[in-house]
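Chemist: Supplied in structure tokens, the structure appears directly below.
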Amino acid sequence: MNISLVTDRTASNESARMASPLAIRGMTVSYGQNPAVFSVDVTVRAGAMTAIVGPNGAGKSTLLKATLQVIKPLAGTVSVFGKPLAQMRDRIAYVPQRASVDWDFPTRVIDVVLMGMYRQLGLLGRVRRHHHEAAMASLTRVGMADFATRQIGQLSGGQQQRVFLARALAQEADIYVLDEPFAGVDAATEKAIIAVLKELRDAGRTVLAVHHDLVTVPEYFDDVVLLNTQVVAAGPVAEVFTDANLQATYGGRLTTARIDPESVAG
Amino acid sequence: MLADALLLQLGYNATLVTIGACLLGIAAGVAGTFLFLRKRALVSDAISHATLPGVGLAFILMVGMGGDGRSLFGLLVGAGFSAAIGLLCVHWLTTRTRLGEDAAIGAVLSVFFGFGIVILTVIQTMNAGRQAGLEGFLLGSTAGMLRGDAILLAVSATLVLLLVLILRRPLELAAFDPGYAQATGWSMGRIDLAMMGIVLVVTVVGLKVVGLILIVALLIVPAVTARFWTERAGHVVIIAGFVGGVSGYVGAAISAIAPALPTGPIVVLVGFTMFLVSLLLSPGRGVLASVLMHWRYQRRVHMRQGLLALAQGQPIFETLTHRLLRRAGLILPDGVPTSDGQAAAAKALLDETRWSIVRADQSFAAAATRYDGLTAIETVLTPDQLNEVDARIKAPEVVT
């Protein structure tokens with residue numbers, strides 16, 4: 001059997017890894033005995049937008065969650081600007097999948113955004129006017145300022161996604177990690193979100209997102225990680241996002257992936 | 001008598017116990033809210049049933065050491081120990097086996113409770129066991145509580161309240177979005193541990209007041225009652241504390257004048273009454289409000305559809321629509337619109353046209369979400385915006 005893993009463990013890559021805003025090394029996550037993600041190395045380029053792309057069940061979300069320690073990996077380390085993740089939590093903002101929470105929870109839009117500042121506020125720090133203003137500014141950036149006092153259950157899917165993004169913006173982080181930010185949102189929201197993400201990138205921040213829609217990868221992202229349990233290929237879109245690599249990632253499923261309404265409409 | 005009890009006129013001891021029960025109710029309501037929001041309300045049932053073997057074993061131990069075995073503090077320490085073991089069992093079964101939390105709760109609850117009953121039966125046969133009064137732990141009995149017991153209750157309840165106040169942010173975040181909480185560096189393991197610790201303390205000190213079978217109600221009923229009245233987590237907590245406090249207070253007061261009545265059921269019934277009132281009467285989520293809202297909404301929809309049909313010169317087929325329009329004096333019995341009807345129909349069509357422009361334009365996104373086919377557009381847009389919209393109506397297709 002011919003097994004080849006895309007890993008970069010050479011010494012010359014070590015300096016790149018130390019400088020990277022987010023470097024994942026040897027990440028393996030398994031549910032039971034089946035690895036969902038196996039021995040993954042990813043070095044995210046600073047100031048770039050990186051997409052994680054792969055077929056359903058390729059472990060894209062799992063990789064993100066394990067990277068941020070939302071789930072416990074079997075093996076693997078993560079460094080942020082060369083330091084262990086635990087010391088650098090406040091530099092990372094995470095946007096989970098919209099469906100991961102109960103939207104009937106008794107809370108308003110502005111309260112969700114303020115949750116992005118709970119680390120900064122600590123246990124007992126009071127929410128002062130500048131916190132409020134920062135939260136409103138985040139909502140304005142995603143076009144949701146008019147909704148600040150609405151109950152979150154009244155929002156559409158796209159609006160919910162924007163609120164989640166606003167919460168991440170309120171964290172004032174350097175790295176934005178998004179899990180399927182475009183899944184099931186309307187076209188206007190997709191445009192609004194990508195505009196905000198590009199603004200972040202242009203301001204020198206780093207964006208890493210799980211992405212479903214192959215068609216928009218070259219338009220939206222600078223770098224791409226092709227994942228199918230292992231990394232098939234990783235690097236700048238122009239070099240890596242080739243038919244041959246996609247074929248290797250998706251196997252026989254590539255044609256379906258391209259016309260699969262879920263992935264195309266994303 | 002009841003008035004005396006409610007106004008704390010039944011003597012020093014009864015007063016202390018009532019205040020203690022009130023504080024316990026507040027603590028239970030507040031702590032229970034986070035459990036409810038985290039959707040783990042039933043874990044408290046496993047915890048409470050798991051206290052019983054501890055109570056029995058603590059009694060036997062204290063008698064064995066020469067005491068009379070009735071020290072409430074000693075019994076509660078025993079209860080706390082076995083409840084913690086029960087909680088660990090639930091945790092272990094859920095994380096290490098393929099059993100779901102519901103199955104784990106059921107298994108732990110029944111096994112511990114069964115074991116506890118066996119121990120109580122053994123105690124009944126002991127000499128010292130005859131007057132032990134341990135049955136009071138099943139359904140609660142504040143009647144025989146001493147001053148020290150009441151103070152223990154009040155102090156623990158106050159500590160719990162303080163702890164919840166300090167941990168309110170992580171608790172809220174963990175309930176709403178555990179993945180995000182974990183990713184931003186709050187340890188979910190520790191938050192859950194703290195929450196379970198808080199619930200454990202409430203359960204254990206509440207044993208004597210509400211009893212282990214019913215304490216789950218004091219944790220959950222206030223939270224679900226409060227949920228009817230507000231859409232904000234912070235307010236749910238406050239209202240739940242109030243509901244719990246009133247339940248505990250009234251329950252203990254009634255118990256003081258009717259010592260034969262177990263306290264737990266009274267506390268639960270008081271809470272249930274408040275729940276029932278909220279269920280029926282709450283303005284947003286109540287049953288009456290939603291029936292009424294549906295009724296009104298249906299009528300407005302029929303009215304609107306009727307007017308739009310009139311505006312476009314279409315006949316009206318539905319009898320309800322017909323009846324509503326007639327009653328409002330908008331049409332004549334034969335279906336011909338009156339002059340009022342014509343005006344209203346034209347207005348409805350204009351509204352609809354304006355709305356369709358607003359809904360097609362991204363710059364009105366916020367306003368567009370207010371569209372429900374009924375709301376008059378003037379209530380949503382400013383006059384300036386309205387002019388902007390009207391400028392875009394090329395040829396008004398209003399039929400008059």
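Every chain in the structure tokens takes a letter, A first, then B, and so on in the order presented; its residues are numbered from 1, and the ligands are numbered from 1 following the presented order.
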Hey, what's within 12 Å of Val109 (chain A) if we count only C-alpha atoms and toss same-chain stuff fewer than 6 positions away? As an MDAnalysis selection string, please?
Modeler: (chainID A and resid 103 115:116 135:136 138:139 144:155 159:167) or (chainID B and resid 231:232)
Chemist: Keeping only C-alpha atoms, take the residues you just selected and write them out as a compact mmCIF listing (two decimals), in the first residue's frame.
Modeler:
```
# COMPACT_ATOMS: atom_id res chain seq x y z
CA TRP A 103 -31.81 29.89 19.77
CA MET A 115 -20.53 37.44 25.81
CA GLY A 116 -17.54 38.03 23.53
CA ALA A 135 -20.61 45.68 21.24
CA MET A 136 -22.79 48.05 19.23
CA SER A 138 -19.43 45.10 16.29
CA LEU A 139 -23.11 44.79 15.46
CA MET A 144 -27.19 44.15 12.80
CA ALA A 145 -27.22 47.30 14.95
CA ASP A 146 -30.98 47.70 14.49
CA PHE A 147 -31.51 44.29 16.06
CA ALA A 148 -29.60 44.89 19.29
CA THR A 149 -32.52 44.48 21.65
CA ARG A 150 -34.29 41.68 19.78
CA GLN A 151 -34.65 38.27 21.32
CA ILE A 152 -32.31 35.95 19.43
CA GLY A 153 -35.11 33.51 18.64
CA GLN A 154 -36.67 36.09 16.31
CA LEU A 155 -33.68 36.17 13.98
CA GLN A 159 -28.93 37.11 11.07
CA GLN A 160 -27.98 34.55 13.72
CA GLN A 161 -24.73 33.92 11.89
CA ARG A 162 -23.98 37.63 11.78
CA VAL A 163 -24.61 37.95 15.51
CA PHE A 164 -22.12 35.16 16.11
CA LEU A 165 -19.60 36.99 13.96
CA ALA A 166 -20.27 40.21 15.89
CA ARG A 167 -19.56 38.37 19.13
CA GLU B 231 -36.61 36.84 27.43
CA ARG B 232 -33.43 37.64 29.36
```
Chemist: Based on DSSP run over this structure's backbone, return all residues of region 88-137 of chain A in helix (DSSP H, G or I), as a list in words.
Modeler: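 Going through region 88-137 of chain A, the helix (DSSP H, G or I) residues come out as Arg89, Asp90, Arg91, Arg98, Ala99, Ser100, Val109, Ile110, Asp111, Val112, Val113, Leu114, Met115, Tyr118, Arg119, Gln120, Leu121, Arg129, His130, His131, His132, Glu133, Ala134, Ala135, Met136 and Ala137 of chain A.
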Chemist: Could you produce a table of the residues of chain B lying within 9 Å of chain A, with the nearest pair of atoms per residue and their separation in Å rounded to one decimal, using only C-alpha atoms, ordered by chain and increasing residue number, as JSON lines?
Modeler:
```
{"residue": "B:Leu37", "atom": "CA", "partner": "A:Phe105", "partner_atom": "CA", "distance": 7.4}
{"residue": "B:Leu165", "atom": "CA", "partner": "A:Leu124", "partner_atom": "CA", "distance": 8.5}
{"residue": "B:Ile166", "atom": "CA", "partner": "A:Leu123", "partner_atom": "CA", "distance": 6.1}
{"residue": "B:Leu167", "atom": "CA", "partner": "A:Leu123", "partner_atom": "CA", "distance": 6.4}
{"residue": "B:Arg168", "atom": "CA", "partner": "A:Leu123", "partner_atom": "CA", "distance": 7.6}
{"residue": "B:Arg169", "atom": "CA", "partner": "A:Leu123", "partner_atom": "CA", "distance": 6.4}
{"residue": "B:Pro170", "atom": "CA", "partner": "A:Leu123", "partner_atom": "CA", "distance": 7.7}
{"residue": "B:Leu173", "atom": "CA", "partner": "A:Met115", "partner_atom": "CA", "distance": 7.2}
{"residue": "B:Ala175", "atom": "CA", "partner": "A:Phe105", "partner_atom": "CA", "distance": 8.7}
{"residue": "B:Phe176", "atom": "CA", "partner": "A:Val101", "partner_atom": "CA", "distance": 6.4}
{"residue": "B:Asp177", "atom": "CA", "partner": "A:Val101", "partner_atom": "CA", "distance": 5.7}
{"residue": "B:Pro178", "atom": "CA", "partner": "A:Val101", "partner_atom": "CA", "distance": 8.4}
{"residue": "B:Gly179", "atom": "CA", "partner": "A:Val70", "partner_atom": "CA", "distance": 5.7}
{"residue": "B:Tyr180", "atom": "CA", "partner": "A:Pro96", "partner_atom": "CA", "distance": 6.6}
{"residue": "B:Ala181", "atom": "CA", "partner": "A:Val70", "partner_atom": "CA", "distance": 8.5}
{"residue": "B:Gln182", "atom": "CA", "partner": "A:Val70", "partner_atom": "CA", "distance": 5.4}
{"residue": "B:Ala183", "atom": "CA", "partner": "A:Leu68", "partner_atom": "CA", "distance": 5.3}
{"residue": "B:Thr184", "atom": "CA", "partner": "A:Arg89", "partner_atom": "CA", "distance": 6.0}
{"residue": "B:Gly185", "atom": "CA", "partner": "A:Arg89", "partner_atom": "CA", "distance": 6.0}
{"residue": "B:Trp186", "atom": "CA", "partner": "A:Arg119", "partner_atom": "CA", "distance": 8.4}
{"residue": "B:Met188", "atom": "CA", "partner": "A:Val70", "partner_atom": "CA", "distance": 9.0}
{"residue": "B:Arg227", "atom": "CA", "partner": "A:Pro106", "partner_atom": "CA", "distance": 7.8}
{"residue": "B:Thr230", "atom": "CA", "partner": "A:Pro106", "partner_atom": "CA", "distance": 7.3}
{"residue": "B:Glu231", "atom": "CA", "partner": "A:Pro106", "partner_atom": "CA", "distance": 4.4}
{"residue": "B:Arg232", "atom": "CA", "partner": "A:Thr107", "partner_atom": "CA", "distance": 4.5}
{"residue": "B:Ala233", "atom": "CA", "partner": "A:Pro106", "partner_atom": "CA", "distance": 5.1}
{"residue": "B:Gly234", "atom": "CA", "partner": "A:Thr107", "partner_atom": "CA", "distance": 8.5}
{"residue": "B:Val236", "atom": "CA", "partner": "A:Pro106", "partner_atom": "CA", "distance": 7.9}
{"residue": "B:Gln362", "atom": "CA", "partner": "A:Ala188", "partner_atom": "CA", "distance": 7.5}
{"residue": "B:Ala365", "atom": "CA", "partner": "A:Gly143", "partner_atom": "CA", "distance": 9.0}
{"residue": "B:Ala366", "atom": "CA", "partner": "A:Asp146", "partner_atom": "CA", "distance": 6.5}
{"residue": "B:Ala367", "atom": "CA", "partner": "A:Asp146", "partner_atom": "CA", "distance": 9.0}
{"residue": "B:Thr369", "atom": "CA", "partner": "A:Leu155", "partner_atom": "CA", "distance": 8.7}
```
Chemist: Output N, CA and C atoms for every residue in the selection just made, as a compact mmCIF listing (two decimals), in the first residue's frame.
Modeler:
```
# COMPACT_ATOMS: atom_id res chain seq x y z
N LEU B 37 -31.47 26.00 32.20
CA LEU B 37 -31.00 26.57 30.94
C LEU B 37 -29.95 25.67 30.29
N LEU B 165 -23.72 34.32 42.12
CA LEU B 165 -23.50 35.69 41.68
C LEU B 165 -22.11 35.84 41.07
N ILE B 166 -21.12 35.22 41.72
CA ILE B 166 -19.75 35.32 41.23
C ILE B 166 -19.60 34.59 39.90
N LEU B 167 -20.26 33.44 39.78
CA LEU B 167 -20.04 32.60 38.60
C LEU B 167 -21.09 32.81 37.52
N ARG B 168 -21.89 33.89 37.63
CA ARG B 168 -23.03 34.00 36.72
C ARG B 168 -22.61 34.01 35.25
N ARG B 169 -21.50 34.67 34.93
CA ARG B 169 -21.11 34.76 33.52
C ARG B 169 -20.71 33.42 32.93
N PRO B 170 -19.75 32.72 33.55
CA PRO B 170 -19.44 31.39 33.00
C PRO B 170 -20.64 30.45 32.99
N LEU B 173 -22.80 31.45 30.00
CA LEU B 173 -22.13 31.11 28.76
C LEU B 173 -22.15 29.59 28.53
N ALA B 175 -24.33 27.54 29.58
CA ALA B 175 -25.68 27.09 29.26
C ALA B 175 -26.04 27.44 27.81
N PHE B 176 -25.62 28.60 27.35
CA PHE B 176 -26.00 29.03 26.00
C PHE B 176 -25.13 28.37 24.94
N ASP B 177 -23.83 28.41 25.11
CA ASP B 177 -22.93 27.99 24.04
C ASP B 177 -21.67 27.35 24.62
N PRO B 178 -21.79 26.09 25.04
CA PRO B 178 -20.65 25.44 25.71
C PRO B 178 -19.39 25.39 24.83
N GLY B 179 -19.57 25.19 23.53
CA GLY B 179 -18.41 25.12 22.64
C GLY B 179 -17.63 26.42 22.65
N TYR B 180 -18.37 27.53 22.59
CA TYR B 180 -17.73 28.83 22.59
C TYR B 180 -17.06 29.10 23.94
N ALA B 181 -17.76 28.71 25.01
CA ALA B 181 -17.18 28.90 26.34
C ALA B 181 -15.84 28.18 26.44
N GLN B 182 -15.81 26.95 25.98
CA GLN B 182 -14.59 26.16 26.03
C GLN B 182 -13.50 26.81 25.17
N ALA B 183 -13.89 27.25 23.97
CA ALA B 183 -12.90 27.83 23.05
C ALA B 183 -12.33 29.13 23.57
N THR B 184 -13.11 29.88 24.35
CA THR B 184 -12.57 31.14 24.86
C THR B 184 -11.84 30.93 26.18
N GLY B 185 -11.68 29.70 26.57
CA GLY B 185 -10.79 29.43 27.69
C GLY B 185 -11.45 29.15 29.02
N TRP B 186 -12.79 29.17 29.07
CA TRP B 186 -13.45 28.73 30.30
C TRP B 186 -13.42 27.21 30.27
N MET B 188 -15.06 23.98 30.65
CA MET B 188 -16.42 23.48 30.84
C MET B 188 -16.46 22.47 31.98
N ARG B 227 -39.42 31.65 33.21
CA ARG B 227 -39.20 31.72 31.77
C ARG B 227 -40.41 32.30 31.03
N THR B 230 -40.06 36.49 30.87
CA THR B 230 -38.96 37.30 30.35
C THR B 230 -38.18 36.58 29.28
N GLU B 231 -37.46 37.37 28.48
CA GLU B 231 -36.61 36.84 27.43
C GLU B 231 -35.15 37.10 27.74
N ARG B 232 -34.83 37.36 29.01
CA ARG B 232 -33.43 37.64 29.36
C ARG B 232 -33.00 36.74 30.51
N ALA B 233 -31.85 36.13 30.33
CA ALA B 233 -31.39 35.15 31.31
C ALA B 233 -31.28 35.75 32.71
N GLY B 234 -30.74 36.98 32.79
CA GLY B 234 -30.57 37.62 34.08
C GLY B 234 -31.90 37.78 34.80
N VAL B 236 -34.60 35.95 34.24
CA VAL B 236 -35.11 34.62 34.60
C VAL B 236 -34.56 34.25 35.98
N GLN B 362 -32.07 45.58 -0.22
CA GLN B 362 -31.21 45.17 0.89
C GLN B 362 -31.03 46.29 1.93
N ALA B 365 -33.09 46.08 4.99
CA ALA B 365 -33.13 44.73 5.56
C ALA B 365 -33.80 44.67 6.93
N ALA B 366 -33.44 45.63 7.79
CA ALA B 366 -33.99 45.59 9.15
C ALA B 366 -35.50 45.79 9.12
N ALA B 367 -35.94 46.75 8.31
CA ALA B 367 -37.37 47.02 8.23
C ALA B 367 -38.09 45.82 7.60
N THR B 369 -37.68 42.76 7.87
CA THR B 369 -38.01 41.65 8.77
C THR B 369 -39.29 41.91 9.54
```
Chemist: Pick the closest to Gly341 (chain B) from B:Met126, B:Met303, B:Ala154, B:Val164: which is it, counting only C-alpha atoms?
Modeler: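 Of all the options, B:Met303 lies closest to Gly341 (chain B).
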Chemist: Calculate how many Å separate CA of Gly245 (chain B) from CA of Gln9 (chain B), rounding to one decimal.
Modeler: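 Interatomic distance, CA of Gly245 (chain B) to CA of Gln9 (chain B): 18.6 Å.
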Chemist: Write out as a PyMOL selection string all residues of region 3-183 of chain A that backbone DSSP assigns to strand (DSSP E).
Modeler: chain A and resi 22-31+34-44+49-53+75-80+83-84+92-95+175-179
Chemist: Between CA of Phe38 (chain A) and CA of Thr229 (chain A), measure the distance and give it in Å to one decimal.
Modeler: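 These atoms are spaced 5.6 Å apart.
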Chemist: Can you tell me which residues surround Leu75 (chain B) at a distance of at most 7 Å, considering only C-alpha atoms, apart from same-chain residues fewer than 5 positions away, and format the answer as a PyMOL selection string?
Modeler: chain B and resi 55+58-59
Chemist: So that I have them on file, write out the residues from the current selection with C-alpha atoms, as a PDB file, in the first residue's frame.
Modeler:
```pdb
ATOM      1  CA  VAL B  55     -28.508   9.868  55.548  1.00  0.00           C
ATOM      2  CA  ALA B  58     -24.605   8.616  58.831  1.00  0.00           C
ATOM      3  CA  PHE B  59     -27.335   7.852  61.363  1.00  0.00           C
TER       4      PHE B  59
END
```
Chemist: Compile the contact shell of Gly140 (chain B) as a PyMOL selection string: residues with an atom at most 12 Å away, counting only C-alpha atoms, same-chain residues fewer than 6 positions apart removed.
Modeler: chain B and resi 21+133-134+203-215+248+251-252+255+259-268
Chemist: Using the selection just defined, write its residues with C-alpha atoms as a compact mmCIF listing (two decimals), in the first residue's frame.
Modeler:
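Written out: out10.txt:
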```txt
# COMPACT_ATOMS: atom_id res chain seq x y z
CA ALA B 21 -36.81 28.05 54.03
CA GLY B 133 -37.64 10.76 62.27
CA LEU B 134 -35.64 10.02 59.15
CA THR B 203 -30.22 19.68 47.52
CA VAL B 204 -28.53 18.54 50.70
CA VAL B 205 -29.49 21.49 52.87
CA GLY B 206 -32.97 21.43 51.37
CA LEU B 207 -33.52 17.80 52.32
CA LYS B 208 -35.08 18.56 55.68
CA VAL B 209 -37.30 21.29 54.23
CA VAL B 210 -38.61 19.87 50.97
CA GLY B 211 -37.54 16.26 51.16
CA LEU B 212 -35.45 14.38 48.66
CA ILE B 213 -38.34 13.28 46.49
CA LEU B 214 -39.58 16.79 45.82
CA ILE B 215 -36.47 18.97 45.93
CA GLY B 248 -40.20 28.19 50.60
CA GLY B 251 -44.52 26.32 52.60
CA ALA B 252 -42.66 26.63 55.90
CA SER B 255 -46.12 23.83 57.97
CA PRO B 259 -47.10 20.23 61.72
CA ALA B 260 -48.65 16.96 60.58
CA LEU B 261 -48.51 18.10 56.97
CA PRO B 262 -45.17 17.37 55.28
CA THR B 263 -43.54 20.62 54.12
CA GLY B 264 -42.31 19.45 50.71
CA PRO B 265 -45.69 19.00 49.06
CA ILE B 266 -46.87 22.39 50.34
CA VAL B 267 -43.78 24.11 48.97
CA VAL B 268 -44.24 22.38 45.65
```
Chemist: Between CA of Gln314 (chain B) and CA of Arg354 (chain B), measure the distance and give it in Å to one decimal.
Modeler: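 Between these atoms lies a distance of 20.8 Å.
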Chemist: So which residues touch Gly20 (chain B) within 8 Å, counting only C-alpha atoms, skipping near sequence neighbours fewer than 6 positions away, as a list of chain:residue names?
Modeler: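 The residues that qualify are B:Ala150, B:Ile151, B:Leu153, B:Ala154, B:Ala157.
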